[in-house]
>>> print(open('target_14.csv').read())   # CSV, C-alpha atoms and all ligand atoms
chain,number,residue,atom,x,y,z
A,391,MET,CA,-31.4,1.0,-6.8
A,392,ASN,CA,-29.2,1.0,-9.9
A,393,ASN,CA,-25.7,2.1,-9.0
A,394,SER,CA,-24.1,1.2,-12.3
A,395,PHE,CA,-23.2,4.8,-12.9
A,396,LEU,CA,-20.8,4.5,-10.0
A,397,LEU,CA,-18.9,1.6,-11.7
A,398,LYS,CA,-15.6,2.1,-13.4
A,399,ARG,CA,-14.4,0.2,-16.4
A,400,TYR,CA,-10.7,-0.2,-17.2
A,401,HIS,CA,-9.7,-2.4,-20.1
A,402,ASP,CA,-11.8,-5.6,-19.8
A,403,LYS,CA,-12.7,-5.3,-16.1
A,404,GLU,CA,-15.3,-3.5,-14.0
A,405,PHE,CA,-14.8,-2.1,-10.5
A,406,ARG,CA,-17.2,-0.9,-7.8
A,407,PRO,CA,-16.6,1.6,-5.0
A,408,PHE,CA,-15.2,-0.1,-1.9
A,409,ILE,CA,-13.5,2.4,0.5
A,410,HIS,CA,-14.6,6.0,0.2
A,411,ALA,CA,-12.1,8.9,-0.1
A,412,ALA,CA,-13.3,10.4,3.2
A,413,ASP,CA,-12.6,7.2,5.1
A,414,ILE,CA,-9.1,6.9,3.5
A,415,ASN,CA,-8.3,10.5,4.4
A,416,LYS,CA,-9.5,10.0,8.0
A,417,ARG,CA,-7.4,6.8,8.4
A,418,VAL,CA,-4.3,8.4,6.9
A,419,LYS,CA,-4.5,11.2,9.5
A,420,GLU,CA,-4.9,8.7,12.3
A,421,ILE,CA,-1.8,6.8,11.1
A,422,ALA,CA,0.2,10.0,10.8
A,423,ASN,CA,-0.8,10.9,14.4
A,424,GLU,CA,0.4,7.6,15.7
A,425,ILE,CA,3.8,8.0,13.9
A,426,ASN,CA,4.1,11.6,15.2
A,427,GLU,CA,3.8,10.3,18.7
A,428,GLU,CA,6.1,7.2,18.3
A,429,TYR,CA,8.9,8.9,16.3
A,430,GLU,CA,9.4,12.2,18.0
A,431,ASN,CA,13.1,13.1,18.0
A,432,LYS,CA,14.0,10.1,15.9
A,433,ALA,CA,14.0,11.8,12.5
A,434,PRO,CA,12.8,8.7,10.6
A,435,LEU,CA,13.4,8.1,6.9
A,436,PHE,CA,10.3,7.1,5.0
A,437,LEU,CA,10.8,4.8,2.0
A,438,GLY,CA,7.9,5.1,-0.4
A,439,ILE,CA,7.6,2.2,-2.8
A,440,LEU,CA,6.9,3.2,-6.4
A,441,ASN,CA,4.7,3.3,-8.2
A,442,GLY,CA,1.6,2.4,-6.1
A,443,ALA,CA,2.5,4.2,-2.8
A,444,PHE,CA,3.0,7.7,-4.2
A,445,MET,CA,-0.5,9.0,-3.3
A,446,PHE,CA,-0.6,7.4,0.2
A,447,ALA,CA,3.0,8.5,1.0
A,448,SER,CA,2.2,12.1,-0.2
A,449,ASP,CA,-1.0,12.4,1.9
A,450,LEU,CA,0.6,10.7,4.9
A,451,PHE,CA,3.6,13.0,4.7
A,452,LYS,CA,1.4,16.2,4.8
A,453,HIS,CA,0.2,15.2,8.2
A,454,LEU,CA,3.6,14.5,9.8
A,455,THR,CA,4.7,17.2,12.2
A,456,ILE,CA,7.9,15.5,13.4
A,457,GLU,CA,11.4,16.0,11.8
A,458,CYS,CA,11.5,13.4,9.0
A,459,SER,CA,12.6,12.8,5.4
A,460,ILE,CA,11.3,10.8,2.5
A,461,THR,CA,12.7,9.1,-0.5
A,462,PHE,CA,11.1,6.9,-3.1
A,463,VAL,CA,12.4,3.6,-4.4
A,464,LYS,CA,11.4,1.3,-7.2
A,465,LEU,CA,12.0,-2.4,-6.6
A,466,ALA,CA,13.7,-4.4,-9.3
A,467,SER,CA,13.5,-8.1,-9.0
A,468,TYR,CA,16.1,-10.7,-10.0
A,469,GLU,CA,17.0,-14.2,-9.1
A,470,GLY,CA,19.8,-14.4,-6.6
A,471,THR,CA,21.8,-17.5,-5.8
A,472,SER,CA,19.9,-20.6,-4.7
A,473,SER,CA,20.6,-19.7,-1.1
A,474,THR,CA,19.4,-16.1,-1.3
A,475,GLY,CA,16.4,-16.8,-3.6
A,476,LYS,CA,14.6,-13.8,-5.0
A,477,VAL,CA,16.3,-10.5,-4.4
A,478,LEU,CA,14.8,-7.1,-4.7
A,479,THR,CA,17.1,-4.2,-5.4
A,480,PRO,CA,15.8,-0.8,-4.4
A,481,ILE,CA,16.5,1.5,-7.4
A,482,GLY,CA,17.0,5.1,-6.3
A,483,LEU,CA,18.0,4.5,-2.7
A,484,GLU,CA,21.0,6.9,-2.5
A,485,GLU,CA,20.9,7.5,1.2
A,486,ASN,CA,23.1,5.7,3.7
A,487,ILE,CA,20.4,4.1,5.9
A,488,SER,CA,22.9,2.6,8.4
A,489,GLY,CA,21.7,3.6,11.9
A,490,ARG,CA,18.5,5.2,10.6
A,491,ASP,CA,14.9,4.5,11.7
A,492,ILE,CA,13.2,3.4,8.5
A,493,ILE,CA,9.4,3.4,7.8
A,494,ILE,CA,8.5,1.6,4.6
A,495,VAL,CA,5.4,3.0,2.9
A,496,GLU,CA,3.6,0.5,0.7
A,497,ASP,CA,0.2,0.6,-1.0
A,498,ILE,CA,-0.8,-3.0,-0.5
A,499,VAL,CA,0.7,-6.2,1.0
A,500,ASP,CA,-0.8,-9.2,-0.7
A,501,THR,CA,1.2,-12.5,-0.4
A,502,GLY,CA,4.0,-10.5,1.3
A,503,ASN,CA,6.6,-11.9,-1.1
A,504,THR,CA,7.7,-8.4,-2.1
A,505,MET,CA,7.9,-7.1,1.4
A,506,HIS,CA,9.7,-10.2,2.6
A,507,ALA,CA,12.4,-9.9,-0.1
A,508,PHE,CA,12.7,-6.1,0.4
A,509,LEU,CA,13.1,-6.5,4.2
A,510,LYS,CA,16.0,-8.9,3.6
A,511,THR,CA,17.7,-6.4,1.4
A,512,LEU,CA,17.2,-3.5,3.8
A,513,GLU,CA,18.3,-5.5,6.9
A,514,GLY,CA,21.7,-6.0,5.2
A,515,LYS,CA,22.2,-2.2,5.2
A,516,GLN,CA,22.1,-2.1,9.0
A,517,PRO,CA,19.4,0.4,9.8
A,518,ASN,CA,18.6,1.0,13.4
A,519,SER,CA,15.0,-0.1,13.0
A,520,ILE,CA,12.5,-0.9,10.2
A,521,LYS,CA,8.7,-0.5,10.4
A,522,ILE,CA,6.1,-1.2,7.7
A,523,CYS,CA,3.3,1.2,7.0
A,524,THR,CA,0.8,-0.1,4.4
A,525,LEU,CA,-2.5,1.4,3.3
A,526,LEU,CA,-4.0,-2.0,2.6
A,527,GLN,CA,-3.3,-5.6,3.5
A,528,LYS,CA,-5.0,-8.9,2.6
A,529,PRO,CA,-4.6,-11.0,5.7
A,530,ASP,CA,-6.0,-14.1,3.9
A,531,ALA,CA,-3.4,-14.0,1.2
A,532,LEU,CA,-0.3,-13.4,3.4
A,533,GLU,CA,2.3,-16.2,3.0
A,534,HIS,CA,5.1,-14.8,5.3
A,535,ASP,CA,5.4,-14.1,9.0
A,536,ILE,CA,5.7,-10.4,8.6
A,537,LYS,CA,4.4,-7.9,11.2
A,538,MET,CA,2.8,-4.9,9.6
A,539,ASP,CA,3.2,-2.0,12.1
A,540,TYR,CA,0.7,0.5,10.6
A,541,VAL,CA,-2.2,-0.7,8.5
A,542,GLY,CA,-4.9,1.5,6.9
A,543,PHE,CA,-7.4,-1.3,6.1
A,544,ASP,CA,-7.6,-5.1,6.1
A,545,ILE,CA,-9.4,-6.1,2.9
A,546,PRO,CA,-10.6,-9.4,1.5
A,547,ASP,CA,-8.4,-11.3,-1.1
A,548,LYS,CA,-9.9,-9.4,-4.1
A,549,PHE,CA,-8.1,-7.1,-6.6
A,550,VAL,CA,-8.5,-3.4,-5.9
A,551,ILE,CA,-7.6,-0.2,-7.7
A,552,GLY,CA,-7.5,3.5,-7.0
A,553,TYR,CA,-5.7,5.9,-4.7
A,554,GLY,CA,-2.4,5.0,-6.4
A,555,LEU,CA,-3.2,1.4,-7.3
A,556,ASP,CA,-3.6,0.5,-10.9
A,557,TYR,CA,-5.0,-2.1,-13.2
A,558,ASP,CA,-2.6,-2.4,-16.1
A,559,GLY,CA,-1.6,1.2,-15.8
A,560,LEU,CA,-5.1,2.7,-15.2
A,561,GLY,CA,-7.1,3.8,-12.2
A,562,ARG,CA,-4.3,5.3,-10.1
A,563,ASN,CA,-6.0,8.7,-10.1
A,564,ILE,CA,-9.3,7.7,-8.4
A,565,PRO,CA,-9.3,9.2,-4.9
A,566,ALA,CA,-11.1,6.2,-3.5
A,567,ILE,CA,-10.5,2.4,-3.5
A,568,TYR,CA,-12.5,0.3,-6.0
A,569,LYS,CA,-12.9,-3.5,-5.9
A,570,ILE,CA,-13.1,-5.7,-8.9
A,571,ILE,CA,-16.4,-7.2,-9.9
A,572,THR,CA,-15.8,-10.8,-10.5
A,573,THR,CA,-19.2,-12.5,-10.4
A,574,GLU,CA,-22.8,-11.8,-11.1
A,575,GLU,CA,-23.5,-12.2,-7.4
A,576,ASP,CA,-21.0,-9.5,-6.6
A,577,LEU,CA,-22.7,-7.1,-9.0
A,578,HIS,CA,-26.2,-7.9,-7.7
A,579,ARG,CA,-25.1,-7.4,-4.1
A,580,PHE,CA,-23.8,-4.0,-5.0
A,581,GLU,CA,-27.1,-3.1,-6.7
A,582,ASP,CA,-28.9,-3.9,-3.4
A,583,ASP,CA,-26.7,-1.7,-1.3
A,601,LIG,P1,2.8,-9.2,-2.8
A,601,LIG,O1,4.3,-9.4,-3.1
A,601,LIG,O2,2.6,-8.8,-1.4
A,601,LIG,O3,2.0,-10.4,-3.2
A,601,LIG,O4,2.3,-8.1,-3.7
A,601,LIG,C1,2.7,-6.8,-3.6
A,601,LIG,C2,2.4,-6.0,-4.9
A,601,LIG,O5,1.5,-6.6,-5.8
A,601,LIG,C3,1.8,-4.7,-4.5
A,601,LIG,O6,2.9,-3.8,-4.2
A,601,LIG,C4,1.0,-4.3,-5.7
A,601,LIG,O7,1.9,-3.7,-6.7
A,601,LIG,C5,0.6,-5.7,-6.3
A,601,LIG,N1,-0.8,-6.0,-5.8
A,601,LIG,C6,-1.2,-6.9,-4.9
A,601,LIG,N2,-2.5,-6.9,-4.7
A,601,LIG,C7,-3.0,-5.9,-5.5
A,601,LIG,C8,-4.3,-5.4,-5.7
A,601,LIG,O8,-5.4,-5.9,-5.2
A,601,LIG,N3,-4.4,-4.4,-6.6
A,601,LIG,C9,-3.3,-3.8,-7.2
A,601,LIG,N4,-3.6,-2.8,-8.1
A,601,LIG,N5,-2.1,-4.3,-7.0
A,601,LIG,C10,-1.9,-5.3,-6.2
>>> encode(input="target_14.csv", output="structure tokens")
Amino acid sequence: MNNSFLLKRYHDKEFRPFIHAADINKRVKEIANEINEEYENKAPLFLGILNGAFMFASDLFKHLTIECSITFVKLASYEGTSSTGKVLTPIGLEENISGRDIIIVEDIVDTGNTMHAFLKTLEGKQPNSIKICTLLQKPDALEHDIKMDYVGFDIPDKFVIGYGLDYDGLGRNIPAIYKIITTEEDLHRFEDD
């Protein structure tokens, strides 16, 4: 069957459907239910990481029934001293997070470099607890010993877009996840689906 009409092209790359919108919505509800049970009476503060996590955070938040708040931060990177290495400053984090139960909401954890550096920054602000909620993670690419507490989907080490994730600014508005087509083989396998 020729499924090429399902492909998306952004700039110089082509992408094919990978995780359907219905499966994402189902998984997001499941994660929200887990959080509802584990955080009752804790009034957690969700930290959504911009830009990629805006859609996931918004959908997740709709399914939370506990008392909770959310704020969005953008991570700005700069080189710290040689002892601190790369430092990520959360721009827009106005709240005092000391003593709070924090849940970081991320779109994707790849090498884990971003999350590792962000955790170091947050820990310095003395929250009561920090948990990580990521829609996607690439276990084969992870380079740090970081425990992801809530994971939507484990995916292979391939570039994906959609549901908030972009390729050079485009593709964030697709309600599903699409995977890059890198080889002839990848395209042929898709056509056989
Ligand atoms: P890490 O620091 O874990 O290697 O990468 C984290 C950031 O890289 C993510 O927040 C995201 O912005 C970007 N990234 C990593 N993998 C992908 C991917 O497959 N697709 C897109 N669109 N962004 C990715």
>>> residues_around(input="target_14.csv", residues="stretch 449-461 of chain A", least_positions_apart="4", cutoff="12 Å", atoms="only C-alpha atoms", output="PyMOL selection string")
chain A and resi 411+414-440+443-445+480-487+490-497+523-525+540+542+553-554+565
>>> closest_residue(input="target_14.csv", among="A:Gly552, A:Pro546, A:Gly502, A:Gly489", to="A:Ile564", atoms="all atoms listed in the file")
A:Gly552
>>> residues_near_ligand(input="target_14.csv", ligand="ligand LIG 601 (chain A)", cutoff="7 Å", atoms="only C-alpha atoms and all ligand atoms", output="mmCIF file with C-alpha atoms, keeping the file's coordinate frame")
data_model
loop_
_atom_site.group_PDB
_atom_site.id
_atom_site.type_symbol
_atom_site.label_atom_id
_atom_site.label_comp_id
_atom_site.auth_asym_id
_atom_site.auth_seq_id
_atom_site.Cartn_x
_atom_site.Cartn_y
_atom_site.Cartn_z
ATOM 1 C CA GLY A 442 1.600 2.400 -6.100
ATOM 2 C CA GLU A 496 3.600 0.500 0.700
ATOM 3 C CA ASP A 497 0.200 0.600 -1.000
ATOM 4 C CA ILE A 498 -0.800 -3.000 -0.500
ATOM 5 C CA VAL A 499 0.700 -6.200 1.000
ATOM 6 C CA ASP A 500 -0.800 -9.200 -0.700
ATOM 7 C CA THR A 501 1.200 -12.500 -0.400
ATOM 8 C CA GLY A 502 4.000 -10.500 1.300
ATOM 9 C CA ASN A 503 6.600 -11.900 -1.100
ATOM 10 C CA THR A 504 7.700 -8.400 -2.100
ATOM 11 C CA MET A 505 7.900 -7.100 1.400
ATOM 12 C CA LYS A 548 -9.900 -9.400 -4.100
ATOM 13 C CA PHE A 549 -8.100 -7.100 -6.600
ATOM 14 C CA VAL A 550 -8.500 -3.400 -5.900
ATOM 15 C CA ILE A 551 -7.600 -0.200 -7.700
ATOM 16 C CA LEU A 555 -3.200 1.400 -7.300
ATOM 17 C CA ASP A 556 -3.600 0.500 -10.900
ATOM 18 C CA TYR A 557 -5.000 -2.100 -13.200
#
>>> atom_distance(input="target_14.csv", atom1="atom CA of A:Gly559", atom2="atom CA of A:Asp544")
23.6 Å
>>> closest_residue(input="target_14.csv", among="A:Pro407, A:Leu465, A:Ala412, A:Asp539", to="A:Ser519", atoms="only C-alpha atoms")
A:Asp539
>>> atom_distance(input="target_14.csv", atom1="atom CA of A:Glu404", atom2="atom CA of A:Ile570")
6.0 Å
>>> atom_distance(input="target_14.csv", atom1="atom CA of A:Val541", atom2="atom CA of A:Lys521")
11.1 Å
>>> residues_around(input="target_14.csv", residues="A:Ile545", least_positions_apart="6", cutoff="8 Å", atoms="all atoms listed in the file", output="list in words")
Leu526, Gln527, Lys528 and Pro529 of chain A
>>> closest_residue(input="target_14.csv", among="A:Phe462, A:Tyr568, A:Phe543, A:Phe395", to="A:Phe408", atoms="only C-alpha atoms")
A:Tyr568
>>> closest_residue(input="target_14.csv", among="A:Ile536, A:Ile571, A:Ala531, A:Ile522", to="A:His506", atoms="all atoms listed in the file")
A:Ile536
>>> closest_residue(input="target_14.csv", among="A:Ser488, A:Thr573, A:Thr511, A:Gln516", to="A:Ser467", atoms="all atoms listed in the file")
A:Thr511
>>> closest_residue(input="target_14.csv", among="A:Leu396, A:Lys515, A:His401, A:Leu532", to="A:Leu560", atoms="all atoms listed in the file")
A:His401
